[in-house]
>>> print(open('structure_3.txt').read())   # compact mmCIF, C-alpha atoms and all ligand atoms
# COMPACT_ATOMS: atom_id res chain seq x y z
CA MET T 20 -15.11 -6.79 18.42
CA LEU T 21 -12.08 -4.91 19.79
CA ASN T 22 -12.26 -1.27 20.94
CA PHE T 23 -11.17 1.25 18.35
CA ASN T 24 -10.85 4.90 17.35
CA TYR T 25 -11.72 5.63 13.76
CA TYR T 26 -10.73 8.98 12.33
CA ASN T 27 -10.48 9.84 8.66
CA PRO T 28 -10.67 13.46 7.54
CA THR T 29 -9.70 13.07 3.86
CA HIS T 30 -12.13 14.56 1.34
CA ILE T 31 -12.42 12.22 -1.66
CA VAL T 32 -13.22 13.65 -5.08
CA PHE T 33 -13.92 10.65 -7.30
CA GLY T 34 -14.67 10.27 -11.00
CA LYS T 35 -13.90 11.36 -14.54
CA ASP T 36 -12.66 14.86 -15.32
CA ARG T 37 -12.48 16.08 -11.73
CA LEU T 38 -9.14 17.93 -11.94
CA ALA T 39 -10.87 21.27 -12.35
CA GLU T 40 -12.01 20.86 -8.71
CA LEU T 41 -8.45 21.67 -7.67
CA ASP T 42 -9.35 25.32 -8.00
CA ASN T 43 -11.89 24.92 -5.18
CA LEU T 44 -9.80 22.54 -3.07
CA VAL T 45 -6.47 24.38 -2.95
CA PRO T 46 -6.56 27.75 -1.16
CA LYS T 47 -6.12 30.78 -3.42
CA ASN T 48 -3.17 33.22 -3.40
CA ILE T 49 -0.67 30.78 -1.91
CA LYS T 50 2.55 29.06 -2.93
CA VAL T 51 2.07 25.42 -3.93
CA LEU T 52 4.82 22.83 -4.34
CA ILE T 53 3.73 20.15 -6.82
CA LEU T 54 5.59 16.89 -6.28
CA TYR T 55 5.90 14.05 -8.76
CA GLY T 56 7.94 10.98 -9.63
CA GLY T 57 10.10 9.91 -12.54
CA GLY T 58 8.19 11.76 -15.22
CA SER T 59 5.04 9.77 -16.11
CA VAL T 60 2.88 12.76 -15.14
CA LYS T 61 4.77 14.94 -17.61
CA LYS T 62 4.66 12.33 -20.35
CA PHE T 63 0.91 11.80 -20.02
CA LYS T 64 0.12 15.51 -19.48
CA THR T 65 -1.43 15.13 -16.04
CA LEU T 66 0.96 17.71 -14.63
CA GLU T 67 0.02 20.21 -17.33
CA LYS T 68 -3.69 19.79 -16.53
CA VAL T 69 -3.05 20.10 -12.80
CA ILE T 70 -1.14 23.36 -13.24
CA LYS T 71 -3.87 24.72 -15.50
CA SER T 72 -6.42 23.98 -12.78
CA LEU T 73 -4.55 26.16 -10.27
CA PRO T 74 -4.76 29.71 -11.59
CA GLY T 75 -3.61 32.47 -9.27
CA ARG T 76 -1.28 30.31 -7.16
CA LYS T 77 2.50 30.49 -7.29
CA ILE T 78 3.62 27.05 -8.47
CA VAL T 79 6.95 25.43 -7.69
CA GLU T 80 7.72 21.90 -8.95
CA PHE T 81 9.75 19.08 -7.46
CA GLY T 82 10.12 15.97 -9.63
CA GLY T 83 12.26 12.87 -9.30
CA ILE T 84 10.74 11.17 -6.26
CA GLU T 85 11.79 7.57 -6.81
CA VAL T 86 9.78 4.37 -6.61
CA ASN T 87 10.32 3.54 -2.91
CA PRO T 88 10.97 7.21 -2.02
CA GLN T 89 14.47 7.90 -0.79
CA TYR T 90 15.07 9.96 2.34
CA THR T 91 17.97 11.84 0.74
CA THR T 92 15.80 12.98 -2.17
CA LEU T 93 13.07 14.12 0.20
CA LEU T 94 15.60 16.23 2.12
CA LYS T 95 16.16 18.25 -1.06
CA ALA T 96 12.43 18.97 -1.28
CA ILE T 97 12.34 20.00 2.40
CA LYS T 98 15.04 22.59 1.63
CA ILE T 99 12.90 24.00 -1.18
CA VAL T 100 9.84 24.13 1.09
CA LYS T 101 11.80 26.18 3.63
CA ASN T 102 13.61 28.45 1.15
CA GLU T 103 10.53 29.14 -0.94
CA LYS T 104 8.15 29.40 2.04
CA ILE T 105 5.74 26.87 0.52
CA ASP T 106 2.16 26.86 1.90
CA PHE T 107 0.70 23.71 0.38
CA LEU T 108 2.00 20.38 -1.03
CA LEU T 109 0.28 18.69 -3.95
CA ALA T 110 1.38 15.11 -4.71
CA VAL T 111 0.68 13.95 -8.26
CA GLY T 112 1.51 10.26 -8.64
CA GLY T 113 1.37 6.85 -6.97
CA GLY T 114 2.17 5.66 -3.47
CA SER T 115 5.82 6.65 -3.66
CA VAL T 116 5.06 10.29 -4.46
CA MET T 117 2.24 10.49 -1.90
CA ASP T 118 4.40 8.90 0.81
CA GLY T 119 7.37 11.12 0.00
CA THR T 120 5.09 14.17 0.17
CA LYS T 121 3.75 13.11 3.57
CA PHE T 122 7.29 12.87 4.89
CA ILE T 123 8.17 16.30 3.49
CA SER T 124 5.03 17.73 5.08
CA LEU T 125 5.91 16.33 8.51
CA ALA T 126 9.65 17.03 8.39
CA SER T 127 9.28 20.62 7.16
CA HIS T 128 7.97 21.71 10.56
CA TYR T 129 10.15 19.40 12.66
CA GLU T 130 12.92 21.17 14.52
CA GLY T 131 15.15 18.14 15.16
CA ASP T 132 16.96 15.86 12.72
CA PRO T 133 14.42 14.60 10.14
CA LYS T 134 16.02 11.17 10.46
CA ASP T 135 14.38 10.87 13.91
CA LEU T 136 11.05 10.55 12.09
CA LEU T 137 12.19 7.24 10.57
CA ALA T 138 12.79 5.69 13.97
CA ARG T 139 9.26 5.60 15.39
CA ASP T 140 8.05 2.34 13.88
CA PHE T 141 4.23 2.43 13.93
CA GLN T 142 4.07 5.09 16.68
CA PRO T 143 3.03 8.60 15.58
CA VAL T 144 6.03 10.84 14.88
CA PRO T 145 6.55 13.68 17.42
CA VAL T 146 5.44 16.46 15.09
CA LYS T 147 2.87 19.05 16.16
CA LYS T 148 2.40 20.86 12.88
CA ALA T 149 2.59 19.78 9.24
CA LEU T 150 2.10 21.40 5.87
CA PRO T 151 -1.29 20.62 4.31
CA ILE T 152 -1.25 18.05 1.50
CA GLY T 153 -3.55 17.23 -1.39
CA THR T 154 -3.10 14.32 -3.80
CA VAL T 155 -3.94 13.51 -7.40
CA VAL T 156 -3.70 9.74 -7.63
CA THR T 157 -2.28 8.08 -10.76
CA LEU T 158 -1.83 4.54 -9.43
CA PRO T 159 -4.40 2.60 -7.38
CA ALA T 160 -2.58 0.44 -4.83
CA THR T 161 -1.39 1.78 -1.52
CA GLY T 162 -4.39 3.61 -0.07
CA SER T 163 -1.91 6.35 0.86
CA GLU T 164 -4.41 8.86 -0.57
CA MET T 165 -6.72 8.29 2.41
CA ASN T 166 -4.47 7.15 5.24
CA SER T 167 -1.96 8.64 7.64
CA GLY T 168 1.05 6.45 6.84
CA ALA T 169 4.09 6.55 4.60
CA VAL T 170 6.93 4.15 3.89
CA ILE T 171 10.30 5.81 3.40
CA SER T 172 13.50 4.14 2.16
CA ASN T 173 16.94 4.94 3.52
CA ASP T 174 20.26 3.12 3.42
CA GLY T 175 18.84 -0.14 2.10
CA SER T 176 15.91 -0.35 4.56
CA LYS T 177 12.26 0.76 4.58
CA PHE T 178 10.73 2.67 7.48
CA PRO T 179 7.06 3.28 8.35
CA VAL T 180 6.18 6.88 9.25
CA PHE T 181 2.81 7.64 10.83
CA SER T 182 1.04 10.79 12.01
CA PRO T 183 -2.60 11.86 12.20
CA LEU T 184 -1.32 15.07 10.56
CA ALA T 185 -0.35 13.10 7.45
CA PHE T 186 -3.89 12.51 6.17
CA PRO T 187 -4.29 14.35 2.88
CA LYS T 188 -6.83 17.20 3.05
CA PHE T 189 -8.24 15.89 -0.21
CA SER T 190 -7.49 13.27 -2.83
CA ILE T 191 -8.65 13.36 -6.42
CA LEU T 192 -9.33 9.85 -7.69
CA ASP T 193 -9.91 10.00 -11.42
CA PRO T 194 -9.69 6.41 -12.72
CA THR T 195 -8.95 7.69 -16.25
CA LEU T 196 -5.62 9.08 -15.02
CA THR T 197 -4.54 5.49 -14.39
CA TYR T 198 -5.21 4.22 -17.95
CA THR T 199 -1.58 4.82 -18.94
CA LEU T 200 -0.16 2.47 -16.29
CA PRO T 201 1.94 -0.45 -17.53
CA ALA T 202 0.15 -3.79 -16.99
CA ILE T 203 2.62 -4.84 -14.30
CA GLN T 204 1.87 -1.75 -12.19
CA VAL T 205 -1.86 -2.45 -12.41
CA ALA T 206 -1.17 -6.05 -11.34
CA ASN T 207 1.01 -4.80 -8.47
CA GLY T 208 -1.82 -2.50 -7.38
CA ILE T 209 -4.37 -5.32 -7.43
CA VAL T 210 -2.11 -7.56 -5.34
CA ASP T 211 -1.23 -4.74 -2.93
CA THR T 212 -4.93 -4.03 -2.35
CA PHE T 213 -5.68 -7.75 -2.01
CA ILE T 214 -2.98 -8.20 0.63
CA HIS T 215 -3.88 -5.04 2.58
CA THR T 216 -7.35 -6.53 2.86
CA ILE T 217 -6.06 -10.01 3.76
CA GLU T 218 -3.79 -8.66 6.51
CA GLN T 219 -6.79 -7.13 8.25
CA TYR T 220 -9.03 -10.15 7.64
CA VAL T 221 -7.25 -13.53 7.70
CA THR T 222 -6.24 -13.50 11.37
CA TYR T 223 -8.55 -15.06 14.01
CA PRO T 224 -12.30 -14.60 14.44
CA GLU T 225 -13.14 -11.48 16.46
CA GLU T 226 -16.83 -11.03 15.58
CA GLY T 227 -16.10 -8.10 13.29
CA ARG T 228 -18.91 -9.02 10.95
CA PHE T 229 -19.12 -5.70 9.10
CA GLN T 230 -15.32 -5.65 8.72
CA ASP T 231 -15.22 -9.26 7.48
CA ARG T 232 -18.05 -8.85 4.99
CA THR T 233 -16.55 -5.60 3.69
CA ALA T 234 -13.13 -7.24 3.34
CA GLU T 235 -14.72 -10.14 1.49
CA GLY T 236 -16.49 -7.65 -0.79
CA ILE T 237 -13.18 -6.02 -1.69
CA LEU T 238 -11.50 -9.39 -2.31
CA LYS T 239 -14.36 -10.68 -4.48
CA THR T 240 -14.42 -7.43 -6.45
CA LEU T 241 -10.68 -7.68 -7.11
CA ILE T 242 -11.11 -11.27 -8.31
CA GLU T 243 -13.97 -10.17 -10.61
CA ILE T 244 -12.28 -7.16 -12.15
CA GLY T 245 -8.55 -7.85 -11.72
CA LYS T 246 -7.71 -9.58 -14.98
CA LYS T 247 -10.37 -7.55 -16.79
CA THR T 248 -8.86 -4.18 -15.88
CA ILE T 249 -5.38 -5.36 -16.91
CA ASP T 250 -6.62 -6.65 -20.27
CA ASN T 251 -8.97 -3.69 -20.89
CA PRO T 252 -7.29 -0.71 -19.22
CA ARG T 253 -9.88 1.73 -20.61
CA ASP T 254 -12.90 -0.14 -19.24
CA TYR T 255 -13.94 2.69 -16.93
CA ASP T 256 -16.11 0.71 -14.54
CA ALA T 257 -13.59 -2.06 -14.00
CA ARG T 258 -10.84 0.51 -13.31
CA ALA T 259 -13.11 2.64 -11.12
CA ASN T 260 -13.82 -0.41 -8.97
CA LEU T 261 -10.11 -1.11 -8.60
CA VAL T 262 -9.43 2.49 -7.60
CA TRP T 263 -12.14 2.53 -4.94
CA CYS T 264 -11.15 -0.91 -3.59
CA ALA T 265 -7.54 0.25 -3.28
CA THR T 266 -8.54 3.30 -1.26
CA ASN T 267 -10.84 1.35 1.04
CA GLY T 268 -8.36 -1.48 1.49
CA LEU T 269 -6.14 0.73 3.62
CA ASN T 270 -8.04 3.72 4.95
CA GLY T 271 -8.68 2.29 8.39
CA LEU T 272 -12.26 1.14 7.81
CA ILE T 273 -11.87 -2.65 7.51
CA GLY T 274 -9.11 -2.80 10.13
CA ALA T 275 -11.01 -1.01 12.88
CA GLY T 276 -11.92 -3.33 15.76
CA VAL T 277 -10.28 -6.47 14.36
CA PRO T 278 -6.84 -8.08 14.78
CA GLN T 279 -4.25 -7.27 12.11
CA ASP T 280 -1.26 -9.23 10.85
CA TRP T 281 1.27 -7.24 8.81
CA THR T 282 3.76 -10.12 8.39
CA THR T 283 3.51 -10.18 4.60
CA HIS T 284 4.26 -6.47 4.38
CA MET T 285 7.06 -6.52 6.92
CA ILE T 286 8.98 -9.34 5.22
CA GLY T 287 8.02 -7.95 1.81
CA HIS T 288 9.56 -4.56 2.61
CA GLU T 289 12.89 -6.29 3.30
CA LEU T 290 12.71 -8.08 -0.07
CA THR T 291 12.16 -4.73 -1.80
CA ALA T 292 14.96 -3.05 0.15
CA MET T 293 17.44 -5.87 -0.52
CA PHE T 294 16.61 -7.00 -4.05
CA GLY T 295 14.55 -4.17 -5.55
CA ILE T 296 11.53 -6.43 -6.12
CA ASP T 297 8.34 -4.36 -6.62
CA HIS T 298 6.22 -4.00 -3.47
CA GLY T 299 3.21 -5.84 -4.96
CA GLN T 300 5.38 -8.66 -6.23
CA THR T 301 6.94 -9.29 -2.80
CA LEU T 302 3.45 -9.74 -1.37
CA ALA T 303 2.41 -12.22 -4.08
CA ILE T 304 5.56 -14.23 -3.40
CA LEU T 305 5.06 -14.38 0.36
CA GLN T 306 1.33 -14.69 1.04
CA PRO T 307 0.73 -18.27 -0.19
CA SER T 308 3.81 -19.47 1.71
CA ILE T 309 2.83 -17.63 4.89
CA TRP T 310 -0.52 -19.42 4.81
CA THR T 311 1.10 -22.78 4.06
CA VAL T 312 3.37 -22.41 7.09
CA ARG T 313 0.76 -20.73 9.35
CA LYS T 314 -2.29 -22.80 8.40
CA GLU T 315 -3.00 -23.95 11.96
CA GLN T 316 -2.91 -20.46 13.51
CA LYS T 317 -5.24 -19.06 10.84
CA TRP T 318 -7.40 -22.16 10.40
CA LYS T 319 -10.84 -20.65 11.09
CA LYS T 320 -10.39 -17.50 9.04
CA LEU T 321 -8.80 -19.44 6.17
CA LEU T 322 -11.86 -21.69 6.10
CA GLN T 323 -14.11 -18.62 6.07
CA TYR T 324 -11.98 -17.11 3.29
CA ALA T 325 -12.20 -20.36 1.27
CA GLN T 326 -15.97 -20.47 1.57
CA ARG T 327 -16.96 -16.83 1.26
CA VAL T 328 -14.36 -15.54 -1.19
CA TRP T 329 -13.69 -18.60 -3.37
CA ASP T 330 -16.98 -20.48 -2.82
CA ILE T 331 -15.11 -23.63 -1.78
CA THR T 332 -17.50 -25.78 0.22
CA LYS T 333 -16.58 -29.38 -0.58
CA GLY T 334 -13.94 -31.63 0.94
CA ASP T 335 -12.45 -31.80 4.43
CA GLU T 336 -11.29 -28.62 6.15
CA GLU T 337 -7.64 -28.92 5.27
CA SER T 338 -8.29 -29.62 1.61
CA ARG T 339 -10.57 -26.55 1.44
CA ILE T 340 -7.84 -24.39 2.93
CA ASP T 341 -5.23 -25.83 0.55
CA GLU T 342 -7.55 -25.17 -2.38
CA ALA T 343 -8.01 -21.53 -1.28
CA ILE T 344 -4.23 -21.07 -1.05
CA LYS T 345 -3.82 -22.61 -4.51
CA LYS T 346 -6.53 -20.39 -6.00
CA THR T 347 -4.95 -17.29 -4.45
CA ARG T 348 -1.56 -18.14 -5.95
CA GLU T 349 -3.16 -18.81 -9.35
CA PHE T 350 -5.00 -15.49 -9.18
CA PHE T 351 -1.72 -13.62 -8.72
CA GLN T 352 -0.10 -15.62 -11.52
CA GLU T 353 -2.99 -14.89 -13.89
CA LEU T 354 -2.38 -11.20 -13.28
CA GLY T 355 1.14 -11.74 -14.63
CA ILE T 356 3.07 -11.89 -11.37
CA ASN T 357 5.61 -14.60 -10.56
CA THR T 358 4.92 -16.00 -7.10
CA ASN T 359 8.27 -17.54 -6.22
CA LEU T 360 11.40 -15.80 -4.99
CA GLY T 361 13.72 -17.81 -7.23
CA SER T 362 12.25 -16.28 -10.39
CA TYR T 363 13.42 -12.84 -9.21
CA GLY T 364 17.02 -14.10 -9.12
CA VAL T 365 17.11 -14.60 -5.34
CA THR T 366 18.99 -17.80 -4.47
CA HIS T 367 18.68 -20.07 -1.40
CA ASP T 368 21.93 -18.80 0.07
CA LYS T 369 20.41 -15.29 0.40
CA ILE T 370 17.90 -16.47 3.00
CA ASP T 371 20.47 -15.99 5.78
CA ASP T 372 20.90 -12.34 4.72
CA ILE T 373 17.14 -11.77 4.70
CA ILE T 374 16.84 -13.25 8.19
CA LYS T 375 19.70 -11.01 9.35
CA ALA T 376 17.94 -7.96 7.89
CA LEU T 377 14.68 -8.88 9.66
CA ASP T 378 16.63 -9.27 12.89
CA ASN T 379 18.34 -5.88 12.45
CA GLN T 380 14.95 -4.25 11.88
CA GLY T 381 13.58 -5.86 15.06
CA LEU T 382 11.10 -7.93 13.03
CA THR T 383 11.52 -10.97 15.25
CA ALA T 384 7.97 -11.36 16.63
CA LEU T 385 5.53 -10.81 13.78
CA SER T 386 1.84 -11.67 13.24
CA GLU T 387 -1.43 -10.86 15.01
CA THR T 388 -0.22 -12.87 18.02
CA ARG T 389 3.48 -11.90 17.77
CA ASP T 390 4.53 -15.55 17.75
CA LEU T 391 6.10 -15.49 14.29
CA SER T 392 9.80 -15.87 15.05
CA LEU T 393 12.81 -15.62 12.76
CA GLU T 394 12.80 -19.43 12.47
CA ILE T 395 9.26 -19.31 11.11
CA SER T 396 10.21 -16.46 8.73
CA ARG T 397 12.99 -18.72 7.48
CA LYS T 398 10.50 -21.54 6.79
CA ILE T 399 8.27 -19.10 4.90
CA LEU T 400 11.17 -17.90 2.75
CA GLU T 401 12.25 -21.47 2.03
CA ASP T 402 8.72 -22.36 0.99
CA ALA T 403 8.52 -19.25 -1.22
CA MET T 404 11.73 -20.02 -3.07
CA ASP T 405 10.58 -22.49 -5.72
CA ILE T 406 7.85 -22.54 -8.36
CA LYS T 407 4.56 -24.20 -7.36
O1 LIG U 501 7.66 7.72 -11.16
P1 LIG U 501 6.74 7.83 -12.34
O2 LIG U 501 7.42 8.25 -13.59
O3 LIG U 501 5.52 8.63 -12.06
O4 LIG U 501 6.27 6.30 -12.69
C1 LIG U 501 5.61 5.49 -11.74
C2 LIG U 501 6.51 4.40 -11.17
O5 LIG U 501 7.49 4.04 -12.09
C3 LIG U 501 4.58 4.68 -12.48
N1 LIG U 501 3.27 5.35 -12.63
C4 LIG U 501 2.49 5.88 -11.66
N2 LIG U 501 1.35 6.34 -12.19
C5 LIG U 501 1.42 6.13 -13.53
C6 LIG U 501 2.66 5.52 -13.82
N3 LIG U 501 3.02 5.16 -15.08
C7 LIG U 501 2.14 5.41 -16.06
N4 LIG U 501 0.93 5.98 -15.86
C8 LIG U 501 0.53 6.34 -14.61
N5 LIG U 501 -0.70 6.84 -14.41
O6 LIG U 501 4.38 3.53 -11.67
C9 LIG U 501 5.60 3.20 -11.02
C10 LIG U 501 5.34 2.80 -9.58
O7 LIG U 501 4.90 3.91 -8.83
P2 LIG U 501 4.86 3.87 -7.23
O8 LIG U 501 4.27 5.13 -6.75
O9 LIG U 501 6.20 3.49 -6.70
O10 LIG U 501 3.90 2.63 -6.95
P3 LIG U 501 2.91 2.33 -5.76
O11 LIG U 501 1.71 3.20 -5.81
O12 LIG U 501 2.71 0.87 -5.80
O13 LIG U 501 3.71 2.74 -4.44
C11 LIG U 501 4.69 1.91 -3.87
C12 LIG U 501 5.23 2.55 -2.62
O14 LIG U 501 4.20 2.68 -1.62
C13 LIG U 501 4.62 2.09 -0.39
C14 LIG U 501 5.55 0.98 -0.87
O15 LIG U 501 6.38 0.51 0.17
C15 LIG U 501 6.31 1.69 -1.97
O16 LIG U 501 7.33 2.49 -1.44
N6 LIG U 501 3.45 1.69 0.41
C16 LIG U 501 2.77 2.69 1.04
C17 LIG U 501 1.70 2.44 1.85
C18 LIG U 501 0.96 3.51 2.54
N7 LIG U 501 1.40 4.75 2.45
O17 LIG U 501 -0.04 3.29 3.20
C19 LIG U 501 1.23 1.06 2.11
C20 LIG U 501 1.76 0.08 1.13
O18 LIG U 501 1.67 -1.20 1.72
C21 LIG U 501 3.14 0.31 0.67
O19 LIG U 501 4.11 -0.20 1.57
ZN ZN U 502 1.12 -2.66 0.48
>>> encode(input="structure_3.txt", output="structure tokens", more="lines below")
Ligand code: NZQ
Ligand code: ZN
Amino acid sequence: MLNFNYYNPTHIVFGKDRLAELDNLVPKNIKVLILYGGGSVKKFKTLEKVIKSLPGRKIVEFGGIEVNPQYTTLLKAIKIVKNEKIDFLLAVGGGSVMDGTKFISLASHYEGDPKDLLARDFQPVPVKKALPIGTVVTLPATGSEMNSGAVISNDGSKFPVFSPLAFPKFSILDPTLTYTLPAIQVANGIVDTFIHTIEQYVTYPEEGRFQDRTAEGILKTLIEIGKKTIDNPRDYDARANLVWCATNGLNGLIGAGVPQDWTTHMIGHELTAMFGIDHGQTLAILQPSIWTVRKEQKWKKLLQYAQRVWDITKGDEESRIDEAIKKTREFFQELGINTNLGSYGVTHDKIDDIIKALDNQGLTALSETRDLSLEISRKILEDAMDIK
């Protein structure tokens, strides 16, 4: 097992009807900025309930944070934070709202140009103080509710932003708040959680037995409840399991002490930035092709994945791996997600542009061993183009 630091200060409040807890979680007699997205929280009355649960605080609202939160929109919120002397930020929404709120929290106390905070890659941003954040989660997917990262969009590219100050102080996870999600967003969330887990698990063996078994538990749970929670959105237990898997897929636990490979996410972010394909969908398109092209490098962990997650024990090693890749692709398709780039209107001639974008972003040496070059990315994209 590799050396690691594990730090996670987020207080999780999980379960039905927990919004009233906000009154205990948010300090009294302060000014709170509530942030939300395109309006689903108004439509489904979550915002109303949140405000009701915060008596005695001065409430200011900032709506309109886009899917894939835009830097320029977040700048407007930062202005409000400064003008109104906001004390606390409360994100009510999915990953985009939580990520946008983290950026606002970090940038509000940064003296330089906020754009600097987009240029740090996976290094912590140079911020010494941040506004405290709480979240009320309405979409299980990103794990943003219990991690210290955000992904911010600007000028047609996506940028990771990290800081230990970005952990939410608390997150309320009430699975019933997610019942109103459209089926495709639930499917996106299942795939996102699946791939977060995969990217910390299907690398090379490193004797992280707890991490591997926990990752396998998340993957098997998603396979068990994935289709069920799409077909029966109000099945509380199925949805509760999705919500808790999503949080634990990316809160640092399963990735501590093991190698990580964020290739799928890195290429996926470019597909979102260039073609507007949903985050979860980009991952479903890429993962089977990444494994097809990178079978040799991931041989041992793919075999372990085939056996422990899909119970594939018969046949020679390569056929077991191929079967696991096929089953993974079918799982995504059963959730209602197309797994080839072509079906999103991306044509072969766009591959050059994608490679150029990866090059511009410095994504030229990806994977757990940094040997995934632009030529290999090209092969992956070519493989991902057509229906299988
Ligand atoms: O904007 P509103 O009107 O609220 O509608 C949203 C949005 O259209 C809707 N929605 C959310 N909760 C709902 C609901 N509709 C009905 N009922 C509800 N309860 O769902 C749509 C998608 O929301 P969004 O927040 O964009 O989705 P998601 O949670 O998948 O977040 C995606 C963003 O997270 C980033 C992605 O890059 C992308 O920008 N990621 C963040 C990560 C992190 N912070 O650790 C890691 C991830 O890998 C990911 O990159
Ligand atoms: Zn993701």
>>> residues_around(input="structure_3.txt", residues="T:Val144", least_positions_apart="3", cutoff="7 Å", atoms="all atoms listed in the file", output="list in words")
Leu136, Arg139, Val180, Phe181 and Ser182 of chain T
>>> write_last_selection(input="structure_3.txt", atoms="C-alpha atoms", output="PDB file, in the frame of the given file")
ATOM      1  CA  LEU T 136      11.050  10.550  12.090  1.00  0.00           C
ATOM      2  CA  ARG T 139       9.260   5.600  15.390  1.00  0.00           C
ATOM      3  CA  VAL T 180       6.180   6.880   9.250  1.00  0.00           C
ATOM      4  CA  PHE T 181       2.810   7.640  10.830  1.00  0.00           C
ATOM      5  CA  SER T 182       1.040  10.790  12.010  1.00  0.00           C
TER       6      SER T 182
END
>>> atom_distance(input="structure_3.txt", atom1="atom CA of T:Glu243", atom2="atom CA of T:Gly287")
25.4 Å
>>> residues_around(input="structure_3.txt", residues="T:Arg76", least_positions_apart="5", cutoff="10 Å", atoms="all atoms listed in the file", output="mmCIF file with C-alpha atoms, in the coordinates of the input")
data_model
loop_
_atom_site.group_PDB
_atom_site.id
_atom_site.type_symbol
_atom_site.label_atom_id
_atom_site.label_comp_id
_atom_site.auth_asym_id
_atom_site.auth_seq_id
_atom_site.Cartn_x
_atom_site.Cartn_y
_atom_site.Cartn_z
ATOM 1 C CA ASP T 42 -9.350 25.320 -8.000
ATOM 2 C CA VAL T 45 -6.470 24.380 -2.950
ATOM 3 C CA PRO T 46 -6.560 27.750 -1.160
ATOM 4 C CA LYS T 47 -6.120 30.780 -3.420
ATOM 5 C CA ASN T 48 -3.170 33.220 -3.400
ATOM 6 C CA ILE T 49 -0.670 30.780 -1.910
ATOM 7 C CA LYS T 50 2.550 29.060 -2.930
ATOM 8 C CA VAL T 51 2.070 25.420 -3.930
ATOM 9 C CA ILE T 70 -1.140 23.360 -13.240
#
>>> closest_atom_pairs(input="structure_3.txt", of="chain T", to="ligand LIG 501 (chain U)", cutoff="7 Å", atoms="only C-alpha atoms and all ligand atoms", output="CSV")
residue,atom,partner,partner_atom,distance
T:Tyr55,CA,U:LIG501,O3,6.4
T:Gly56,CA,U:LIG501,O1,3.6
T:Gly57,CA,U:LIG501,O2,3.3
T:Gly58,CA,U:LIG501,O2,3.9
T:Ser59,CA,U:LIG501,O2,3.8
T:Val60,CA,U:LIG501,O3,5.8
T:Ile84,CA,U:LIG501,O1,6.7
T:Glu85,CA,U:LIG501,O1,6.0
T:Val86,CA,U:LIG501,O9,3.7
T:Asn87,CA,U:LIG501,O16,3.5
T:Pro88,CA,U:LIG501,O16,6.0
T:Gly112,CA,U:LIG501,N2,5.3
T:Gly113,CA,U:LIG501,O8,3.4
T:Gly114,CA,U:LIG501,O11,3.4
T:Ser115,CA,U:LIG501,O8,3.8
T:Val116,CA,U:LIG501,O8,5.7
T:Asp118,CA,U:LIG501,N7,5.4
T:Thr157,CA,U:LIG501,N5,4.2
T:Leu158,CA,U:LIG501,N2,4.6
T:Pro159,CA,U:LIG501,O11,6.3
T:Ala160,CA,U:LIG501,O11,5.2
T:Thr161,CA,U:LIG501,C20,4.5
T:Gly162,CA,U:LIG501,O17,5.5
T:Ser163,CA,U:LIG501,N7,4.0
T:Asn166,CA,U:LIG501,O17,6.2
T:Gly168,CA,U:LIG501,N7,4.7
T:Ala169,CA,U:LIG501,N7,3.9
T:Val170,CA,U:LIG501,O15,5.2
T:Ile171,CA,U:LIG501,O16,6.6
T:Leu196,CA,U:LIG501,N5,5.4
T:Thr197,CA,U:LIG501,N5,4.1
T:Tyr198,CA,U:LIG501,N5,6.3
T:Thr199,CA,U:LIG501,N4,4.1
T:Leu200,CA,U:LIG501,N4,3.7
T:Pro201,CA,U:LIG501,C7,6.0
T:Gln204,CA,U:LIG501,O6,5.9
T:Asn207,CA,U:LIG501,O12,6.5
T:Gly208,CA,U:LIG501,O12,5.9
T:Asp211,CA,U:LIG501,O18,6.5
T:His215,CA,U:LIG501,O18,6.8
T:Leu269,CA,U:LIG501,O17,6.6
T:His284,CA,U:LIG501,O18,6.4
T:His288,CA,U:LIG501,O15,6.5
T:His298,CA,U:LIG501,C14,5.7
T:Gly299,CA,U:LIG501,O12,6.8
>>> closest_residue(input="structure_3.txt", among="T:Lys247, T:Gln219, T:Phe213, T:Glu394", to="ligand ZN 502 (chain U)", atoms="only C-alpha atoms and all ligand atoms")
T:Phe213
>>> atom_distance(input="structure_3.txt", atom1="atom CA of T:Asp378", atom2="atom CA of T:Val365")
19.0 Å
>>> closest_residue(input="structure_3.txt", among="T:Val277, T:Ile97, T:Leu382, T:Ile370", to="T:Phe178", atoms="only C-alpha atoms")
T:Leu382
>>> residues_around(input="structure_3.txt", residues="T:Lys407", least_positions_apart="5", cutoff="10 Å", atoms="only C-alpha atoms", output="list in words")
Lys345, Arg348, Glu349, Thr358, Asn359 and Asp402 of chain T
>>> residues_around(input="structure_3.txt", residues="T:Leu41", least_positions_apart="2", cutoff="12 Å", atoms="all atoms listed in the file", output="count of residues only")
31
>>> closest_residue(input="structure_3.txt", among="T:Asn102, T:Thr29, T:Thr266, T:Ile152", to="T:Leu54", atoms="only C-alpha atoms")
T:Ile152
>>> residues_around(input="structure_3.txt", residues="stretch 355-357 of chain T", least_positions_apart="4", cutoff="12 Å", atoms="all atoms listed in the file", output="count of residues only")
39
>>> closest_residue(input="structure_3.txt", among="T:Pro194, T:Gly268, T:Gly236, T:Pro224", to="ligand ZN 502 (chain U)", atoms="only C-alpha atoms and all ligand atoms")
T:Gly268
>>> atom_distance(input="structure_3.txt", atom1="atom CA of T:Phe23", atom2="atom CA of T:Ala275")
5.9 Å
